[in-house]
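Following: one structure in structure tokens, then a few remarks.
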Number of protein chains: 2
Amino acid sequence: MWRKVALERLRKAGYKITPQRLKLLDVLERIGRSHPSLREVHEAVKEEFPTISFSTLYSNVMVLRDLGLVELLHLGSETRVEVNVSPHVNVISGRRVRDLDDPELVREIERKVGGRVRFVNVVLEDEV
Amino acid sequence: MWRKVALERLRKAGYKITPQRLKLLDVLERIGRSHPSLREVHEAVKEEFPTISFSTLYSNVMVLRDLGLVELLHLGSETRVEVNVSPHVNVISGRRVRDLDDPELVREIERKVGGRVRFVNVVLEDEV
DNA sequence: GAGTAATTAGTAATAATTTCTAATTAGAAA
DNA sequence: TTTCTAATTAGAAATTATTACTAATTACTC
């Protein structure tokens with residue numbers, strides 16, 4: 001579903017459809033909800049397209065971001081890619097991120113902070 | 001207040017009280033609630049102690065973090081220092097961060113995500 | 001006041017992102 | 001289909017921020 005939308009939007013915006021881009025869409029459709037880092041996305045794409053360079057991957061992720069197809073979030077020292085673009089909650093414990101789709105909660109937060117929420121990161125205490 | 005607690009805790013933990021550390025406490029007491037980046041904290045401390053190196057500043061901030069006296073958060077490419085250590089909400093728009101102390105909201109989020117919240121970052125849509 | 005381990009400043013190393021460029025290629029037009 | 005051209009790619013280099021290392025200095029104990 002996301003892949004289809006993404007492809008359509010790339011076309012509409014006049015971007016060329018290269019094999020590198022197609023593989024990137026495949027990979028993000030498959031693992032995007034696990035919030036992979038750029039490096040992890042690169043590794044995953046290399047499985048299917050071993051010669052893709054980091055720089056190509058990087059610039060393509062930026063294209064997707066510019067088109068509003070992915071969200072980037074910064075966790076520790078790394079940039080994570082997120083396919084869920086609707087306002088939602090990321091629950092973060094350590095390196096783990098899980099999505100919580102709770103429009104109710106998002107709406108309440110919007111009411112309290114006064115502004116349109118892009119996303120919410122809830123950082124939990126490390127379990128001991 | 002925070003400064004006093006911090007100094008006490010440094011002493012208790014057996015750390016030496018150096019002029020560099022005292023200036024750092026001064027600065028964080030003063031500007032800590034603006035969530036300065038490490039670089040900004042360094043600049044601010046240099047105003048009062050021009051010879052302090054980034055590396056000294058850095059390791060002292062890490063000491064404060066280890067003692068639970070500051071929280072570090074990663075925003076874009078930079079590390080921000082936060083003096084507010086109780087579970088709370090950071091409202092982020094662009095490079096700006098403001099604190100929202102709303103224990104009610106934090107408690108509700110904790111209930112929904114199931115876990116002890118360290119802090120919550122609410123990232124807002126960029127204003128156009 | 002001396003001794004000692006912690007701290008400091010300066011520098012080097014690392015890690016992740018971002019930029020740059022020559023060669024290649026997707027897609028439009030002939 | 002073939003040609004043309006601007007967009008895209010791979011690889012390398014530059015940048016940026018953080019983290020690690022080390023010799024010299026210093027805060028604190030006795």
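Please note that chains go A, B, ... in the order of the structure tokens, that every chain numbers its residues from 1, and that ligands are numbered from 1 in the order shown.
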Residues of chain A within 10 Å of chain C: nearest atom pair and distance (Å, one decimal) for each, counting only C-alpha atoms (C1' of nucleotides), sorted by chain and number, as JSON lines?
```
{"residue": "A:Tyr15", "atom": "CA", "partner": "C:DA26", "partner_atom": "C1'", "distance": 9.7}
{"residue": "A:Lys16", "atom": "CA", "partner": "C:DA26", "partner_atom": "C1'", "distance": 6.2}
{"residue": "A:Ile17", "atom": "CA", "partner": "C:DA26", "partner_atom": "C1'", "distance": 7.2}
{"residue": "A:Thr18", "atom": "CA", "partner": "C:DA26", "partner_atom": "C1'", "distance": 7.1}
{"residue": "A:Leu38", "atom": "CA", "partner": "C:DA16", "partner_atom": "C1'", "distance": 9.5}
{"residue": "A:Arg39", "atom": "CA", "partner": "C:DA16", "partner_atom": "C1'", "distance": 9.2}
{"residue": "A:Ser55", "atom": "CA", "partner": "C:DT18", "partner_atom": "C1'", "distance": 9.1}
{"residue": "A:Tyr58", "atom": "CA", "partner": "C:DT17", "partner_atom": "C1'", "distance": 9.1}
{"residue": "A:Ser59", "atom": "CA", "partner": "C:DT18", "partner_atom": "C1'", "distance": 9.6}
{"residue": "A:Ser77", "atom": "CA", "partner": "C:DA16", "partner_atom": "C1'", "distance": 7.3}
{"residue": "A:Glu78", "atom": "CA", "partner": "C:DA16", "partner_atom": "C1'", "distance": 7.0}
{"residue": "A:Thr79", "atom": "CA", "partner": "C:DA16", "partner_atom": "C1'", "distance": 8.6}
```
Give the strand (DSSP E or B) residues of range 11-113 of chain A, as assigned by DSSP on the backbone, as a PyMOL selection string.
chain A and resi 37+71-75+78-82+89-93+96-100
Residues of chain B that have any atom at most 6 Å from an atom of chain A: could you tabulate them with the shortest-distance atom pair and the distance in Å to one decimal, using only C-alpha atoms, ordered by chain and increasing number, as a Markdown table?
```
| residue | atom | partner | partner_atom | distance |
| --- | --- | --- | --- | --- |
| B:His74 | CA | A:Gly76 | CA | 6.0 |
| B:Gly76 | CA | A:His74 | CA | 5.9 |
| B:Arg116 | CA | A:Leu124 | CA | 5.6 |
| B:Val117 | CA | A:Leu124 | CA | 4.4 |
| B:Arg118 | CA | A:Leu124 | CA | 5.0 |
| B:Phe119 | CA | A:Val123 | CA | 5.4 |
| B:Val120 | CA | A:Val122 | CA | 4.5 |
| B:Asn121 | CA | A:Asn121 | CA | 5.0 |
| B:Val122 | CA | A:Val120 | CA | 4.5 |
| B:Val123 | CA | A:Phe119 | CA | 5.4 |
| B:Leu124 | CA | A:Val117 | CA | 4.4 |
| B:Glu125 | CA | A:Arg118 | CA | 5.1 |
```
Please identify which residues in range 10-121 of chain B DSSP calls alpha helix (DSSP H) from the backbone, and express them as a ChimeraX atom specification.
/B:10-12,19-31,38-48,54-66,103-113
Selection to disk with C-alpha atoms, as a PDB file, in the first residue's frame:
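Done, and the output landed in part_24.pdb:
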```pdb
ATOM      1  CA  LEU B  10      29.093  15.736  43.232  1.00  0.00           C
ATOM      2  CA  ARG B  11      30.674  15.949  46.684  1.00  0.00           C
ATOM      3  CA  LYS B  12      28.845  12.889  47.967  1.00  0.00           C
ATOM      4  CA  PRO B  19      36.486  25.851  39.013  1.00  0.00           C
ATOM      5  CA  GLN B  20      35.482  24.387  35.634  1.00  0.00           C
ATOM      6  CA  ARG B  21      32.782  22.340  37.306  1.00  0.00           C
ATOM      7  CA  LEU B  22      31.537  25.255  39.366  1.00  0.00           C
ATOM      8  CA  LYS B  23      31.175  27.423  36.267  1.00  0.00           C
ATOM      9  CA  LEU B  24      29.356  24.636  34.497  1.00  0.00           C
ATOM     10  CA  LEU B  25      26.865  24.429  37.341  1.00  0.00           C
ATOM     11  CA  ASP B  26      26.400  28.207  37.253  1.00  0.00           C
ATOM     12  CA  VAL B  27      25.739  28.150  33.553  1.00  0.00           C
ATOM     13  CA  LEU B  28      23.335  25.241  33.660  1.00  0.00           C
ATOM     14  CA  GLU B  29      21.447  26.772  36.551  1.00  0.00           C
ATOM     15  CA  ARG B  30      21.078  29.879  34.419  1.00  0.00           C
ATOM     16  CA  ILE B  31      20.425  28.582  30.903  1.00  0.00           C
ATOM     17  CA  LEU B  38      26.806  20.950  24.126  1.00  0.00           C
ATOM     18  CA  ARG B  39      28.455  23.556  21.952  1.00  0.00           C
ATOM     19  CA  GLU B  40      26.247  26.278  23.349  1.00  0.00           C
ATOM     20  CA  VAL B  41      26.979  25.214  26.896  1.00  0.00           C
ATOM     21  CA  HIS B  42      30.676  25.333  26.048  1.00  0.00           C
ATOM     22  CA  GLU B  43      30.347  28.831  24.610  1.00  0.00           C
ATOM     23  CA  ALA B  44      28.445  30.002  27.663  1.00  0.00           C
ATOM     24  CA  VAL B  45      30.972  28.570  30.103  1.00  0.00           C
ATOM     25  CA  LYS B  46      33.816  30.141  28.110  1.00  0.00           C
ATOM     26  CA  GLU B  47      32.296  33.553  28.788  1.00  0.00           C
ATOM     27  CA  GLU B  48      33.162  33.037  32.426  1.00  0.00           C
ATOM     28  CA  PHE B  54      35.393  21.325  24.981  1.00  0.00           C
ATOM     29  CA  SER B  55      36.722  18.008  26.173  1.00  0.00           C
ATOM     30  CA  THR B  56      36.621  19.091  29.813  1.00  0.00           C
ATOM     31  CA  LEU B  57      33.168  20.466  29.403  1.00  0.00           C
ATOM     32  CA  TYR B  58      32.070  17.299  27.680  1.00  0.00           C
ATOM     33  CA  SER B  59      33.368  14.952  30.326  1.00  0.00           C
ATOM     34  CA  ASN B  60      31.821  17.051  33.063  1.00  0.00           C
ATOM     35  CA  VAL B  61      28.437  16.999  31.397  1.00  0.00           C
ATOM     36  CA  MET B  62      28.756  13.215  31.243  1.00  0.00           C
ATOM     37  CA  VAL B  63      29.495  13.178  34.961  1.00  0.00           C
ATOM     38  CA  LEU B  64      26.328  15.163  35.596  1.00  0.00           C
ATOM     39  CA  ARG B  65      24.395  12.746  33.447  1.00  0.00           C
ATOM     40  CA  ASP B  66      25.797   9.740  35.281  1.00  0.00           C
ATOM     41  CA  PRO B 103       2.194  15.375  35.476  1.00  0.00           C
ATOM     42  CA  GLU B 104      -1.392  14.575  34.577  1.00  0.00           C
ATOM     43  CA  LEU B 105      -0.514  14.134  30.905  1.00  0.00           C
ATOM     44  CA  VAL B 106       2.644  12.199  31.711  1.00  0.00           C
ATOM     45  CA  ARG B 107       0.659   9.850  33.930  1.00  0.00           C
ATOM     46  CA  GLU B 108      -1.877   9.253  31.199  1.00  0.00           C
ATOM     47  CA  ILE B 109       0.854   8.522  28.669  1.00  0.00           C
ATOM     48  CA  GLU B 110       2.469   6.117  31.111  1.00  0.00           C
ATOM     49  CA  ARG B 111      -0.827   4.326  31.492  1.00  0.00           C
ATOM     50  CA  LYS B 112      -1.245   4.014  27.741  1.00  0.00           C
ATOM     51  CA  VAL B 113       2.269   2.923  26.829  1.00  0.00           C
TER      52      VAL B 113
END
```
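Distance criterion 9 Å to chain A, applied with only C-alpha atoms (C1' of nucleotides), yields DA7, DT8, DT9, DA10, DG11 and DT18 of chain D on chain D.
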Using the selection just defined, write its residues with N, CA and C atoms (P, O5', C5', C4', C3', O3' and C1' of nucleotides) as a PDB file, in the first residue's frame.
```pdb
ATOM      1  P    DA D   7      17.371  17.860 -14.369  1.00  0.00           P
ATOM      2  O5'  DA D   7      17.343  16.364 -13.839  1.00  0.00           O
ATOM      3  C5'  DA D   7      16.291  15.502 -14.268  1.00  0.00           C
ATOM      4  C4'  DA D   7      16.594  14.099 -13.790  1.00  0.00           C
ATOM      5  C3'  DA D   7      16.887  13.995 -12.302  1.00  0.00           C
ATOM      6  O3'  DA D   7      16.240  12.820 -11.873  1.00  0.00           O
ATOM      7  C1'  DA D   7      18.747  13.184 -13.532  1.00  0.00           C
ATOM      8  P    DT D   8      16.279  12.303 -10.411  1.00  0.00           P
ATOM      9  O5'  DT D   8      17.501  11.274 -10.460  1.00  0.00           O
ATOM     10  C5'  DT D   8      17.369  10.121 -11.271  1.00  0.00           C
ATOM     11  C4'  DT D   8      18.633   9.294 -11.168  1.00  0.00           C
ATOM     12  C3'  DT D   8      19.067   8.955  -9.745  1.00  0.00           C
ATOM     13  O3'  DT D   8      19.047   7.546  -9.644  1.00  0.00           O
ATOM     14  C1'  DT D   8      20.900   9.667 -11.074  1.00  0.00           C
ATOM     15  P    DT D   9      19.401   6.819  -8.282  1.00  0.00           P
ATOM     16  O5'  DT D   9      20.917   6.418  -8.528  1.00  0.00           O
ATOM     17  C5'  DT D   9      21.252   5.563  -9.613  1.00  0.00           C
ATOM     18  C4'  DT D   9      22.752   5.401  -9.682  1.00  0.00           C
ATOM     19  C3'  DT D   9      23.395   5.011  -8.345  1.00  0.00           C
ATOM     20  O3'  DT D   9      23.931   3.702  -8.451  1.00  0.00           O
ATOM     21  C1'  DT D   9      24.568   6.820  -9.436  1.00  0.00           C
ATOM     22  P    DA D  10      24.453   2.923  -7.177  1.00  0.00           P
ATOM     23  O5'  DA D  10      26.010   3.250  -7.243  1.00  0.00           O
ATOM     24  C5'  DA D  10      26.750   2.888  -8.383  1.00  0.00           C
ATOM     25  C4'  DA D  10      28.211   3.272  -8.205  1.00  0.00           C
ATOM     26  C3'  DA D  10      28.849   2.822  -6.889  1.00  0.00           C
ATOM     27  O3'  DA D  10      30.139   2.321  -7.190  1.00  0.00           O
ATOM     28  C1'  DA D  10      28.964   5.202  -7.082  1.00  0.00           C
ATOM     29  P    DG D  11      31.058   1.641  -6.064  1.00  0.00           P
ATOM     30  O5'  DG D  11      32.079   2.808  -5.706  1.00  0.00           O
ATOM     31  C5'  DG D  11      32.790   3.436  -6.778  1.00  0.00           C
ATOM     32  C4'  DG D  11      33.464   4.657  -6.220  1.00  0.00           C
ATOM     33  C3'  DG D  11      34.084   4.429  -4.843  1.00  0.00           C
ATOM     34  O3'  DG D  11      35.471   4.687  -4.952  1.00  0.00           O
ATOM     35  C1'  DG D  11      32.794   6.422  -4.886  1.00  0.00           C
ATOM     36  P    DT D  18      27.349  16.969  19.842  1.00  0.00           P
ATOM     37  O5'  DT D  18      28.186  15.632  20.047  1.00  0.00           O
ATOM     38  C5'  DT D  18      27.677  14.433  19.483  1.00  0.00           C
ATOM     39  C4'  DT D  18      28.711  13.334  19.580  1.00  0.00           C
ATOM     40  C3'  DT D  18      29.122  12.963  21.002  1.00  0.00           C
ATOM     41  O3'  DT D  18      28.821  11.579  21.128  1.00  0.00           O
ATOM     42  C1'  DT D  18      31.021  13.186  19.589  1.00  0.00           C
TER      43       DT D  18
END
```
Quick one, how far is C1' of DA6 in chain D from CA of Leu67 in chain A?
20.3 Å
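The space between C1' of DC28 in chain D and CA of Glu8 in chain B spans 16.1 Å.
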